[in-house]
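Raw contents of final28.cif, mmCIF, C-alpha atoms:
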```
data_run
#
loop_
_atom_site.label_atom_id
_atom_site.label_comp_id
_atom_site.auth_asym_id
_atom_site.auth_seq_id
_atom_site.Cartn_x
_atom_site.Cartn_y
_atom_site.Cartn_z
CA MET A 1 -2.58 -135.87 -108.59
CA ARG A 2 -0.59 -138.56 -110.32
CA ILE A 3 2.59 -139.50 -108.50
CA LEU A 4 5.02 -141.24 -110.82
CA ALA A 5 5.73 -144.88 -110.39
CA THR A 6 9.36 -144.05 -109.85
CA MET A 7 8.49 -142.44 -106.54
CA LEU A 8 8.76 -145.98 -105.26
CA SER A 9 12.41 -145.89 -106.22
CA ALA A 10 12.77 -142.61 -104.37
CA ALA A 11 11.23 -144.00 -101.22
CA LEU A 12 13.41 -147.09 -101.34
CA LEU A 13 16.50 -144.91 -101.48
CA LEU A 14 15.64 -142.80 -98.45
CA ALA A 15 18.26 -142.94 -95.74
CA ALA A 16 17.20 -144.42 -92.45
CA GLY A 17 15.88 -141.89 -89.99
CA GLN A 18 16.90 -141.65 -86.36
CA ALA A 19 16.32 -144.95 -84.60
CA GLY A 20 13.13 -144.93 -82.56
CA ALA A 21 10.88 -147.30 -80.71
CA VAL A 22 8.71 -148.09 -83.71
CA GLY A 23 7.54 -151.44 -85.01
CA PHE A 24 6.41 -152.20 -88.56
CA GLN A 25 4.38 -154.81 -90.37
CA SER A 26 3.55 -155.37 -94.03
CA ALA A 27 0.13 -156.94 -94.53
CA THR A 28 -3.02 -157.00 -96.63
CA ALA A 29 -6.60 -156.09 -95.79
CA PRO A 30 -9.40 -158.08 -97.47
CA ASP A 31 -11.59 -156.24 -99.95
CA PRO A 32 -14.58 -158.40 -100.91
CA SER A 33 -15.22 -156.19 -103.94
CA ASP A 34 -11.68 -156.37 -105.36
CA ARG A 35 -8.15 -157.57 -104.74
CA PRO A 36 -6.70 -157.43 -101.21
CA LEU A 37 -5.37 -154.03 -100.19
CA ALA A 38 -1.65 -153.72 -99.44
CA ILE A 39 -1.07 -151.96 -96.12
CA GLY A 40 1.88 -150.93 -93.97
CA ILE A 41 1.49 -150.62 -90.18
CA TRP A 42 3.70 -148.51 -87.89
CA TYR A 43 3.23 -148.77 -84.11
CA PRO A 44 4.98 -148.07 -80.79
CA SER A 45 7.34 -150.85 -79.78
CA ASP A 46 10.17 -151.37 -77.32
CA ALA A 47 11.92 -153.87 -79.59
CA PRO A 48 15.41 -152.91 -80.82
CA VAL A 49 15.82 -151.61 -84.35
CA PRO A 50 18.74 -152.28 -86.70
CA ASP A 51 21.28 -149.70 -87.79
CA GLN A 52 20.30 -149.99 -91.45
CA PRO A 53 16.95 -149.84 -93.27
CA ASN A 54 15.18 -153.19 -93.21
CA THR A 55 11.66 -152.43 -94.47
CA PRO A 56 9.95 -151.84 -97.83
CA VAL A 57 9.58 -148.17 -96.81
CA ARG A 58 13.36 -147.97 -96.34
CA GLN A 59 13.26 -147.22 -92.63
CA ALA A 60 15.05 -149.03 -89.83
CA LEU A 61 12.17 -150.40 -87.78
CA ALA A 62 11.34 -153.32 -85.48
CA VAL A 63 9.72 -155.61 -88.02
CA ASP A 64 6.95 -157.61 -86.35
CA GLY A 65 8.17 -156.39 -82.95
CA PRO A 66 5.81 -156.47 -79.96
CA ILE A 67 3.40 -153.57 -79.52
CA ARG A 68 3.90 -151.18 -76.62
CA GLY A 69 0.86 -149.66 -74.95
CA ASP A 70 -2.89 -150.14 -74.74
CA HIS A 71 -5.94 -148.16 -75.88
CA LEU A 72 -3.83 -146.73 -78.70
CA PRO A 73 -5.27 -144.20 -81.17
CA LEU A 74 -5.25 -145.23 -84.84
CA ILE A 75 -4.46 -143.09 -87.90
CA VAL A 76 -5.09 -144.22 -91.50
CA ILE A 77 -3.14 -142.59 -94.36
CA SER A 78 -4.46 -142.17 -97.93
CA HIS A 79 -1.88 -141.36 -100.62
CA GLY A 80 -2.27 -139.24 -103.74
CA SER A 81 -3.14 -140.56 -107.18
CA GLY A 82 -0.44 -142.91 -108.43
CA GLY A 83 1.21 -143.15 -105.02
CA TRP A 84 1.65 -145.98 -102.53
CA LEU A 85 1.59 -146.78 -98.83
CA GLY A 86 5.15 -145.53 -98.27
CA GLY A 87 4.66 -142.02 -99.62
CA HIS A 88 4.28 -140.49 -96.16
CA ALA A 89 6.50 -142.86 -94.20
CA ASP A 90 8.22 -140.06 -92.30
CA LEU A 91 4.87 -138.84 -90.95
CA ALA A 92 3.82 -142.40 -90.10
CA LYS A 93 7.01 -142.96 -88.13
CA ALA A 94 6.66 -139.63 -86.30
CA LEU A 95 3.10 -140.49 -85.29
CA ALA A 96 4.13 -143.97 -84.11
CA GLU A 97 6.90 -142.42 -82.01
CA ALA A 98 4.21 -140.24 -80.43
CA GLY A 99 2.09 -143.23 -79.41
CA PHE A 100 -0.19 -143.75 -82.43
CA VAL A 101 -0.74 -146.85 -84.54
CA VAL A 102 -0.61 -145.84 -88.20
CA VAL A 103 -1.87 -147.82 -91.18
CA ALA A 104 -1.20 -146.67 -94.74
CA VAL A 105 -2.95 -148.25 -97.70
CA THR A 106 -2.03 -148.63 -101.36
CA HIS A 107 -5.25 -147.88 -103.24
CA THR A 108 -6.10 -150.58 -105.77
CA GLY A 109 -6.27 -149.31 -109.35
CA ASN A 110 -4.84 -145.88 -108.48
CA ASN A 111 -1.24 -146.53 -107.45
CA TYR A 112 2.28 -146.46 -108.86
CA GLN A 113 1.98 -149.98 -110.29
CA ASP A 114 -1.61 -149.93 -111.51
CA ASP A 115 -3.38 -146.65 -112.31
CA SER A 116 -5.98 -148.22 -114.57
CA TYR A 117 -9.27 -147.52 -112.80
CA PRO A 118 -11.43 -144.74 -114.30
CA ALA A 119 -12.40 -141.64 -112.35
CA ALA A 120 -15.89 -142.75 -111.41
CA ARG A 121 -14.53 -145.95 -109.87
CA ARG A 122 -11.63 -144.31 -108.04
CA MET A 123 -13.89 -141.75 -106.42
CA VAL A 124 -16.10 -144.48 -105.00
CA ASP A 125 -13.44 -147.12 -104.32
CA ARG A 126 -11.01 -144.98 -102.35
CA PRO A 127 -13.32 -144.14 -99.40
CA ARG A 128 -14.52 -147.75 -99.40
CA HIS A 129 -10.88 -148.85 -99.12
CA ILE A 130 -10.54 -146.75 -95.96
CA ALA A 131 -13.54 -148.51 -94.40
CA ARG A 132 -12.19 -151.94 -95.32
CA VAL A 133 -8.77 -151.12 -93.83
CA LEU A 134 -10.37 -149.96 -90.59
CA ASP A 135 -12.50 -153.12 -90.51
CA HIS A 136 -9.33 -155.19 -90.77
CA MET A 137 -7.41 -153.24 -88.15
CA LEU A 138 -10.23 -153.37 -85.60
CA ALA A 139 -11.42 -156.94 -86.18
CA ASP A 140 -8.57 -159.01 -87.62
CA TRP A 141 -5.19 -157.36 -87.03
CA SER A 142 -3.04 -159.20 -84.49
CA GLY A 143 -2.78 -156.02 -82.41
CA ARG A 144 -6.48 -155.16 -82.47
CA ASP A 145 -6.86 -155.55 -78.71
CA ARG A 146 -4.35 -152.71 -78.26
CA LEU A 147 -6.44 -150.21 -80.24
CA ASP A 148 -9.02 -147.74 -79.00
CA PRO A 149 -11.85 -147.81 -81.59
CA ALA A 150 -13.12 -144.47 -80.28
CA ARG A 151 -9.88 -142.70 -81.29
CA ILE A 152 -9.44 -142.94 -85.06
CA GLY A 153 -8.11 -140.27 -87.44
CA ILE A 154 -7.25 -139.97 -91.12
CA TYR A 155 -4.52 -138.17 -93.07
CA GLY A 156 -5.06 -137.66 -96.80
CA PHE A 157 -2.81 -136.04 -99.42
CA SER A 158 -4.03 -134.77 -102.82
CA TYR A 159 -6.53 -137.38 -104.08
CA GLY A 160 -6.16 -138.80 -100.61
CA GLY A 161 -7.47 -135.45 -99.34
CA PHE A 162 -10.57 -135.98 -101.46
CA THR A 163 -10.75 -139.51 -100.04
CA ALA A 164 -10.55 -138.23 -96.47
CA LEU A 165 -13.27 -135.64 -97.04
CA VAL A 166 -15.63 -138.32 -98.30
CA ALA A 167 -14.69 -140.70 -95.50
CA ILE A 168 -15.62 -138.13 -92.84
CA GLY A 169 -19.01 -137.41 -94.42
CA GLY A 170 -18.49 -135.28 -97.52
CA THR A 171 -20.46 -136.05 -100.68
CA PRO A 172 -18.91 -134.43 -103.76
CA ASP A 173 -21.19 -132.80 -106.29
CA LEU A 174 -20.10 -134.00 -109.73
CA ARG A 175 -22.03 -131.19 -111.37
CA LEU A 176 -19.85 -128.68 -109.53
CA LEU A 177 -16.80 -130.54 -110.77
CA ILE A 178 -17.92 -130.41 -114.39
CA GLN A 179 -19.06 -126.80 -114.13
CA HIS A 180 -15.72 -125.73 -112.68
CA CYS A 181 -13.71 -127.46 -115.39
CA ARG A 182 -15.84 -125.78 -118.05
CA GLN A 183 -15.30 -122.39 -116.45
CA VAL A 184 -11.64 -122.86 -115.48
CA PRO A 185 -10.25 -125.17 -118.17
CA ASP A 186 -6.68 -124.18 -117.29
CA GLU A 187 -6.90 -125.77 -113.83
CA TRP A 188 -4.32 -128.54 -113.95
CA VAL A 189 -6.75 -131.35 -113.17
CA CYS A 190 -9.19 -130.06 -115.80
CA LYS A 191 -6.56 -129.45 -118.45
CA THR A 192 -4.74 -132.75 -118.08
CA GLY A 193 -7.55 -134.99 -116.92
CA GLY A 194 -5.55 -135.52 -113.73
CA PRO A 195 -7.10 -138.44 -111.87
CA GLY A 196 -9.45 -139.28 -114.72
CA VAL A 197 -11.54 -136.09 -114.66
CA SER A 198 -11.69 -136.10 -118.44
CA GLU A 199 -13.45 -139.46 -118.26
CA ILE A 200 -16.40 -138.13 -116.23
CA PRO A 201 -19.47 -137.65 -118.44
CA ARG A 202 -19.95 -133.99 -119.33
CA THR A 203 -23.70 -134.16 -119.61
CA ASP A 204 -26.64 -133.61 -117.30
CA GLU A 205 -27.15 -137.35 -117.09
CA LEU A 206 -24.61 -138.12 -114.39
CA PRO A 207 -24.27 -141.36 -112.46
CA SER A 208 -25.38 -141.41 -108.83
CA PRO A 209 -22.41 -142.98 -107.07
CA VAL A 210 -22.75 -144.31 -103.54
CA PHE A 211 -19.97 -142.84 -101.42
CA VAL A 212 -18.90 -144.66 -98.25
CA HIS A 213 -18.68 -142.49 -95.12
CA ASP A 214 -17.14 -143.86 -91.93
CA PRO A 215 -18.41 -142.47 -88.60
CA ARG A 216 -15.58 -144.23 -86.77
CA ILE A 217 -13.21 -141.46 -87.94
CA ARG A 218 -13.09 -138.68 -85.34
CA ALA A 219 -10.50 -136.26 -86.80
CA ALA A 220 -8.95 -135.54 -90.21
CA VAL A 221 -5.84 -133.87 -91.61
CA ILE A 222 -6.18 -132.97 -95.28
CA ALA A 223 -3.15 -131.84 -97.29
CA ALA A 224 -3.24 -130.28 -100.78
CA PRO A 225 -6.75 -131.70 -101.39
CA GLY A 226 -7.60 -132.54 -104.98
CA LEU A 227 -11.00 -131.73 -106.49
CA GLY A 228 -11.80 -129.30 -103.70
CA PHE A 229 -14.09 -127.40 -106.06
CA ALA A 230 -16.49 -130.37 -106.03
CA PHE A 231 -17.50 -129.54 -102.46
CA ASP A 232 -19.84 -126.74 -101.40
CA LYS A 233 -21.63 -126.21 -98.07
CA ALA A 234 -24.29 -128.77 -98.97
CA ALA A 235 -21.62 -131.32 -99.93
CA LEU A 236 -19.86 -130.94 -96.56
CA ALA A 237 -22.91 -130.34 -94.36
CA SER A 238 -22.57 -133.75 -92.70
CA VAL A 239 -18.93 -133.29 -91.69
CA THR A 240 -18.83 -132.92 -87.91
CA VAL A 241 -15.26 -133.94 -87.02
CA PRO A 242 -12.40 -131.46 -86.50
CA VAL A 243 -10.24 -130.86 -89.57
CA GLN A 244 -6.71 -129.59 -90.07
CA LEU A 245 -6.30 -128.30 -93.64
CA TRP A 246 -3.07 -127.64 -95.56
CA ASN A 247 -2.18 -126.27 -98.99
CA GLY A 248 1.03 -125.00 -100.56
CA ALA A 249 0.94 -121.34 -101.58
CA GLU A 250 2.81 -122.24 -104.80
CA ASP A 251 0.79 -125.36 -105.60
CA GLU A 252 0.03 -125.20 -109.33
CA ARG A 253 -1.63 -128.61 -109.46
CA VAL A 254 -4.02 -128.00 -106.59
CA PRO A 255 -4.26 -124.20 -106.25
CA VAL A 256 -5.32 -122.87 -102.87
CA ALA A 257 -8.09 -120.66 -104.23
CA THR A 258 -10.02 -123.43 -105.97
CA ASN A 259 -9.36 -126.25 -103.54
CA ALA A 260 -8.38 -125.76 -99.89
CA ALA A 261 -9.94 -122.28 -99.73
CA VAL A 262 -13.21 -123.65 -101.11
CA ILE A 263 -13.20 -126.48 -98.58
CA ARG A 264 -12.37 -124.09 -95.77
CA GLN A 265 -15.43 -121.96 -96.53
CA ALA A 266 -17.71 -124.96 -97.03
CA LEU A 267 -16.91 -126.85 -93.82
CA PRO A 268 -19.55 -126.38 -91.10
CA THR A 269 -16.79 -125.67 -88.55
CA GLN A 270 -13.71 -123.70 -89.48
CA PRO A 271 -10.63 -125.94 -89.83
CA ASP A 272 -7.15 -125.40 -88.49
CA PHE A 273 -5.97 -123.87 -91.78
CA HIS A 274 -2.34 -123.69 -92.99
CA VAL A 275 -1.12 -122.13 -96.23
CA VAL A 276 2.58 -122.91 -96.57
CA GLU A 277 4.57 -120.15 -98.20
CA GLY A 278 6.89 -121.36 -100.95
CA ALA A 279 5.44 -124.89 -100.99
CA GLY A 280 4.43 -126.61 -104.20
CA HIS A 281 2.24 -129.67 -104.52
CA PHE A 282 4.91 -132.31 -103.96
CA ALA A 283 6.37 -130.55 -100.92
CA PHE A 284 4.04 -132.74 -98.84
CA LEU A 285 5.94 -135.84 -99.96
CA GLN A 286 8.99 -136.67 -97.89
CA PRO A 287 12.33 -135.25 -99.13
CA CYS A 288 13.89 -137.09 -102.06
CA PRO A 289 17.26 -138.84 -101.73
CA PRO A 290 20.07 -137.08 -103.64
CA LYS A 291 20.77 -140.23 -105.69
CA LEU A 292 17.42 -139.87 -107.41
CA LYS A 293 18.70 -136.82 -109.31
CA THR A 294 21.03 -139.08 -111.28
CA LEU A 295 18.88 -142.20 -111.40
CA GLU A 296 15.59 -140.52 -112.36
CA PRO A 297 16.27 -136.95 -113.56
CA GLU A 298 12.74 -136.41 -114.91
CA THR A 299 11.15 -137.55 -111.66
CA TRP A 300 13.61 -135.41 -109.72
CA ALA A 301 12.67 -132.32 -111.73
CA MET A 302 8.93 -132.88 -111.29
CA VAL A 303 8.67 -134.15 -107.73
CA CYS A 304 11.80 -133.19 -105.84
CA VAL A 305 12.68 -129.62 -106.87
CA ASP A 306 11.13 -126.98 -104.64
CA ALA A 307 11.01 -123.22 -105.03
CA PRO A 308 14.30 -121.42 -104.32
CA GLY A 309 14.74 -120.98 -100.61
CA PHE A 310 12.14 -123.58 -99.63
CA ASP A 311 13.55 -126.21 -97.26
CA ARG A 312 11.46 -129.36 -97.57
CA ALA A 313 13.21 -131.15 -94.72
CA ALA A 314 12.54 -128.25 -92.37
CA PHE A 315 8.95 -128.07 -93.57
CA HIS A 316 8.42 -131.76 -92.82
CA ARG A 317 9.67 -131.28 -89.29
CA ARG A 318 6.99 -128.62 -88.92
CA LEU A 319 4.33 -130.63 -90.77
CA ASN A 320 4.93 -133.82 -88.83
CA GLY A 321 5.00 -131.93 -85.55
CA ASP A 322 1.80 -129.98 -86.25
CA VAL A 323 -0.08 -133.02 -87.51
CA THR A 324 0.99 -135.01 -84.46
CA ALA A 325 -0.06 -132.17 -82.15
CA PHE A 326 -3.46 -131.92 -83.87
CA PHE A 327 -4.18 -135.63 -83.53
CA ARG A 328 -2.97 -135.59 -79.93
CA ALA A 329 -5.35 -132.74 -79.15
CA GLN A 330 -8.31 -134.39 -80.88
CA LEU A 331 -7.69 -138.06 -80.13
CA GLY A 332 -5.13 -138.19 -77.36
CA GLY A 333 -1.69 -139.80 -77.52
CA ASP A 334 1.35 -140.47 -75.36
#
```
Rewrite the structure from the file as structure tokens, please.
Amino acid sequence: MRILATMLSAALLLAAGQAGAVGFQSATAPDPSDRPLAIGIWYPSDAPVPDQPNTPVRQALAVDGPIRGDHLPLIVISHGSGGWLGGHADLAKALAEAGFVVVAVTHTGNNYQDDSYPAARRMVDRPRHIARVLDHMLADWSGRDRLDPARIGIYGFSYGGFTALVAIGGTPDLRLLIQHCRQVPDEWVCKTGGPGVSEIPRTDELPSPVFVHDPRIRAAVIAAPGLGFAFDKAALASVTVPVQLWNGAEDERVPVATNAAVIRQALPTQPDFHVVEGAGHFAFLQPCPPKLKTLEPETWAMVCVDAPGFDRAAFHRRLNGDVTAFFRAQLGGD
């Protein structure tokens, strides 16, 4: 779902977390079909970190510090519609502290600065972006010799959850998507158009997009997955990797029943399934800085306000810990 451009402001205002042995690089990955992809890379490092934030993701990290370790597992992060590479910076840092290299991408044409690409293009481009980022990390990144190409995972939130499902072998059925929106027009993505759903042809003459799957990915964590109703058993029959699946019980944008629950039943192997009581859609984004309430009151009301009694900071400690444990179990990690 669309994440407002001003979430960038929120991320840039986040206070620095506890200092850890984590390095960071800002870079780009070539995309022969489009503009270069902006990426952020977190990794284990023994280099000292400053006391104050010194990165675009507003964390205090060892910028361009040396990499610690060898044969490191790699996790790629895909943000939601209208987001950016820093939207899950707290998770990226937690994974790097646990011995993973993490690369997060800003999806061209579907980010906070440029959300201009139509639905049909986004659906195809996003999984292709993941493949191009992995190509770059394994072949061209300065730390490529420290990576273990047999231990790669993906984390996807919202439209990034859709992206992750496709990347690990899912092929969405656009007819299911259209049928669902005709039958359940009040679903948020159907009612609002969400990530361009209203632009998809509502006829029997549908395009036949070519979705890019990446067999290098060995495990996936999918949070609040968008367009889950576009996947049935046939659409997910080729998914063979282990999956951890999350949804907020109070998510009105991506309801459990029509998204995560559908995916859960369609996957060939049952996922590690979590329904988070009290959590709305944006609970999976890192906690907002208090200053945002004054600077961007509309954004604060939409993105930062959780249900009464729901503690987003506490939830993220659980989320980051469970995601890290899942990837450790499936891919290994120090």
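We find CA of Gln59 (chain A) and CA of Lys93 (chain A) to be spaced 8.8 Å apart.
Picked by the PyMOL selection byres ((chain A and resi 122) around 10) from the coordinates shown: A:Ser81, A:His107, A:Thr108, A:Gly109, A:Asn110, A:Asp115, A:Ser116, A:Tyr117, A:Pro118, A:Ala119, A:Ala120, A:Arg121, A:Met123, A:Val124, A:Asp125, A:Arg126, A:Pro127, A:Arg128, A:Tyr159, A:Thr163, A:Pro195, A:Gly196.
This file gives the following result for the PyMOL selection byres ((chain A and resi 76) around 7): Leu74, Ile75, Ile77, Ser78, Val102, Val103, Ala104, Gly153, Ile154 and Tyr155 of chain A.
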Item to check | Selection near Pro36 (chain A), 12 Å with only C-alpha atoms, sequence-local residues under 5 positions removed, as a PyMOL selection string | outcome: chain A and resi 27-31+105-109+129+132-133+136
Only C-alpha atoms, please: the residues just picked out, written as a PDB file, keeping the file's coordinate frame.
```
ATOM      1  CA  ALA A  27       0.130-156.940 -94.530  1.00  0.00           C
ATOM      2  CA  THR A  28      -3.020-157.000 -96.630  1.00  0.00           C
ATOM      3  CA  ALA A  29      -6.600-156.090 -95.790  1.00  0.00           C
ATOM      4  CA  PRO A  30      -9.400-158.080 -97.470  1.00  0.00           C
ATOM      5  CA  ASP A  31     -11.590-156.240 -99.950  1.00  0.00           C
ATOM      6  CA  VAL A 105      -2.950-148.250 -97.700  1.00  0.00           C
ATOM      7  CA  THR A 106      -2.030-148.630-101.360  1.00  0.00           C
ATOM      8  CA  HIS A 107      -5.250-147.880-103.240  1.00  0.00           C
ATOM      9  CA  THR A 108      -6.100-150.580-105.770  1.00  0.00           C
ATOM     10  CA  GLY A 109      -6.270-149.310-109.350  1.00  0.00           C
ATOM     11  CA  HIS A 129     -10.880-148.850 -99.120  1.00  0.00           C
ATOM     12  CA  ARG A 132     -12.190-151.940 -95.320  1.00  0.00           C
ATOM     13  CA  VAL A 133      -8.770-151.120 -93.830  1.00  0.00           C
ATOM     14  CA  HIS A 136      -9.330-155.190 -90.770  1.00  0.00           C
TER      15      HIS A 136
END
```
Next on the checklist: What's the separation between CA of Asn54 (chain A) and CA of Cys304 (chain A), in Å to one decimal place?
Outcome noted: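 Taking CA of Asn54 (chain A) as the start and CA of Cys304 (chain A) as the end point, the length is 23.9 Å.
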Please enumerate the residues selected by the PyMOL selection byres ((chain A and resi 232) around 8) when evaluated against the supplied file, formatted as a PDB file with C-alpha atoms, in the frame of the given file.
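Printed below is selection.pdb as written:
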```pdb
ATOM      1  CA  ASP A 173     -21.190-132.800-106.290  1.00  0.00           C
ATOM      2  CA  PHE A 229     -14.090-127.400-106.060  1.00  0.00           C
ATOM      3  CA  ALA A 230     -16.490-130.370-106.030  1.00  0.00           C
ATOM      4  CA  PHE A 231     -17.500-129.540-102.460  1.00  0.00           C
ATOM      5  CA  LYS A 233     -21.630-126.210 -98.070  1.00  0.00           C
ATOM      6  CA  ALA A 234     -24.290-128.770 -98.970  1.00  0.00           C
ATOM      7  CA  ALA A 235     -21.620-131.320 -99.930  1.00  0.00           C
ATOM      8  CA  LEU A 236     -19.860-130.940 -96.560  1.00  0.00           C
ATOM      9  CA  VAL A 262     -13.210-123.650-101.110  1.00  0.00           C
ATOM     10  CA  ILE A 263     -13.200-126.480 -98.580  1.00  0.00           C
ATOM     11  CA  ALA A 266     -17.710-124.960 -97.030  1.00  0.00           C
TER      12      ALA A 266
END
```
Checklist outcome for this item: Closest of A:Ile39, A:Ile168, A:Ala219, A:Leu177 to Leu331 (chain A), counting only C-alpha atoms, is A:Ala219
Item to check | d(CA of Thr240 (chain A), CA of Asp272 (chain A)) in Å | outcome: 13.9 Å
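Residue nearest Ala47 (chain A) within the list A:Ala139, A:Ala301, A:Ile222, A:Ala21: A:Ala21 [criterion: smallest interatomic distance, only C-alpha atoms].
Among the candidates A:Phe327, A:Phe157, A:Trp141, A:Phe284, the one nearest to Ala98 (chain A) when counting only C-alpha atoms is A:Phe327.
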Kindly add all heavy atoms to the incomplete region 264-271 of chain A and provide the output as a PDB file, in the frame of the given file.
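This went into result-v2.pdb:
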```pdb
ATOM      1  N   ARG A 264     -12.369-124.851 -97.019  1.00  0.00           N
ATOM      2  CA  ARG A 264     -12.370-124.090 -95.770  1.00  0.00           C
ATOM      3  C   ARG A 264     -13.702-123.351 -95.571  1.00  0.00           C
ATOM      4  O   ARG A 264     -14.272-123.361 -94.476  1.00  0.00           O
ATOM      5  CB  ARG A 264     -11.217-123.093 -95.772  1.00  0.00           C
ATOM      6  CG  ARG A 264     -11.109-122.258 -94.500  1.00  0.00           C
ATOM      7  CD  ARG A 264     -10.122-121.131 -94.678  1.00  0.00           C
ATOM      8  NE  ARG A 264      -9.885-120.425 -93.431  1.00  0.00           N
ATOM      9  CZ  ARG A 264      -9.225-119.282 -93.331  1.00  0.00           C
ATOM     10  NH1 ARG A 264      -8.722-118.715 -94.433  1.00  0.00           N
ATOM     11  NH2 ARG A 264      -9.049-118.699 -92.164  1.00  0.00           N
ATOM     12  N   GLN A 265     -14.186-122.714 -96.631  1.00  0.00           N
ATOM     13  CA  GLN A 265     -15.430-121.960 -96.530  1.00  0.00           C
ATOM     14  C   GLN A 265     -16.649-122.870 -96.442  1.00  0.00           C
ATOM     15  O   GLN A 265     -17.684-122.471 -95.891  1.00  0.00           O
ATOM     16  CB  GLN A 265     -15.562-121.033 -97.743  1.00  0.00           C
ATOM     17  CG  GLN A 265     -14.524-119.929 -97.788  1.00  0.00           C
ATOM     18  CD  GLN A 265     -14.579-119.030 -96.560  1.00  0.00           C
ATOM     19  OE1 GLN A 265     -15.650-118.650 -96.097  1.00  0.00           O
ATOM     20  NE2 GLN A 265     -13.412-118.690 -96.026  1.00  0.00           N
ATOM     21  N   ALA A 266     -16.546-124.064 -96.978  1.00  0.00           N
ATOM     22  CA  ALA A 266     -17.710-124.960 -97.030  1.00  0.00           C
ATOM     23  C   ALA A 266     -17.875-125.797 -95.765  1.00  0.00           C
ATOM     24  O   ALA A 266     -18.980-126.249 -95.466  1.00  0.00           O
ATOM     25  CB  ALA A 266     -17.613-125.871 -98.243  1.00  0.00           C
ATOM     26  N   LEU A 267     -16.807-126.026 -95.021  1.00  0.00           N
ATOM     27  CA  LEU A 267     -16.910-126.850 -93.820  1.00  0.00           C
ATOM     28  C   LEU A 267     -17.811-126.192 -92.787  1.00  0.00           C
ATOM     29  O   LEU A 267     -17.738-124.982 -92.573  1.00  0.00           O
ATOM     30  CB  LEU A 267     -15.521-127.090 -93.224  1.00  0.00           C
ATOM     31  CG  LEU A 267     -14.644-128.125 -93.938  1.00  0.00           C
ATOM     32  CD1 LEU A 267     -13.214-128.035 -93.429  1.00  0.00           C
ATOM     33  CD2 LEU A 267     -15.188-129.541 -93.752  1.00  0.00           C
ATOM     34  N   PRO A 268     -18.654-126.951 -92.106  1.00  0.00           N
ATOM     35  CA  PRO A 268     -19.550-126.380 -91.100  1.00  0.00           C
ATOM     36  C   PRO A 268     -18.803-125.705 -89.950  1.00  0.00           C
ATOM     37  O   PRO A 268     -19.264-124.709 -89.398  1.00  0.00           O
ATOM     38  CB  PRO A 268     -20.347-127.584 -90.604  1.00  0.00           C
ATOM     39  CG  PRO A 268     -20.267-128.588 -91.702  1.00  0.00           C
ATOM     40  CD  PRO A 268     -18.923-128.384 -92.332  1.00  0.00           C
ATOM     41  N   THR A 269     -17.638-126.250 -89.588  1.00  0.00           N
ATOM     42  CA  THR A 269     -16.790-125.670 -88.550  1.00  0.00           C
ATOM     43  C   THR A 269     -15.447-125.327 -89.162  1.00  0.00           C
ATOM     44  O   THR A 269     -14.868-126.133 -89.891  1.00  0.00           O
ATOM     45  CB  THR A 269     -16.588-126.661 -87.383  1.00  0.00           C
ATOM     46  OG1 THR A 269     -17.872-127.022 -86.849  1.00  0.00           O
ATOM     47  CG2 THR A 269     -15.733-126.056 -86.291  1.00  0.00           C
ATOM     48  N   GLN A 270     -14.964-124.138 -88.882  1.00  0.00           N
ATOM     49  CA  GLN A 270     -13.710-123.700 -89.480  1.00  0.00           C
ATOM     50  C   GLN A 270     -12.559-124.633 -89.116  1.00  0.00           C
ATOM     51  O   GLN A 270     -12.377-124.991 -87.941  1.00  0.00           O
ATOM     52  CB  GLN A 270     -13.382-122.280 -89.030  1.00  0.00           C
ATOM     53  CG  GLN A 270     -14.194-121.211 -89.746  1.00  0.00           C
ATOM     54  CD  GLN A 270     -13.845-121.155 -91.235  1.00  0.00           C
ATOM     55  OE1 GLN A 270     -12.736-120.828 -91.624  1.00  0.00           O
ATOM     56  NE2 GLN A 270     -14.822-121.493 -92.075  1.00  0.00           N
ATOM     57  N   PRO A 271     -11.762-125.050 -90.091  1.00  0.00           N
ATOM     58  CA  PRO A 271     -10.630-125.940 -89.830  1.00  0.00           C
ATOM     59  C   PRO A 271      -9.423-125.174 -89.296  1.00  0.00           C
ATOM     60  O   PRO A 271      -9.382-123.940 -89.334  1.00  0.00           O
ATOM     61  CB  PRO A 271     -10.330-126.510 -91.215  1.00  0.00           C
ATOM     62  CG  PRO A 271     -10.692-125.387 -92.144  1.00  0.00           C
ATOM     63  CD  PRO A 271     -11.911-124.731 -91.533  1.00  0.00           C
TER      64      PRO A 271
END
```
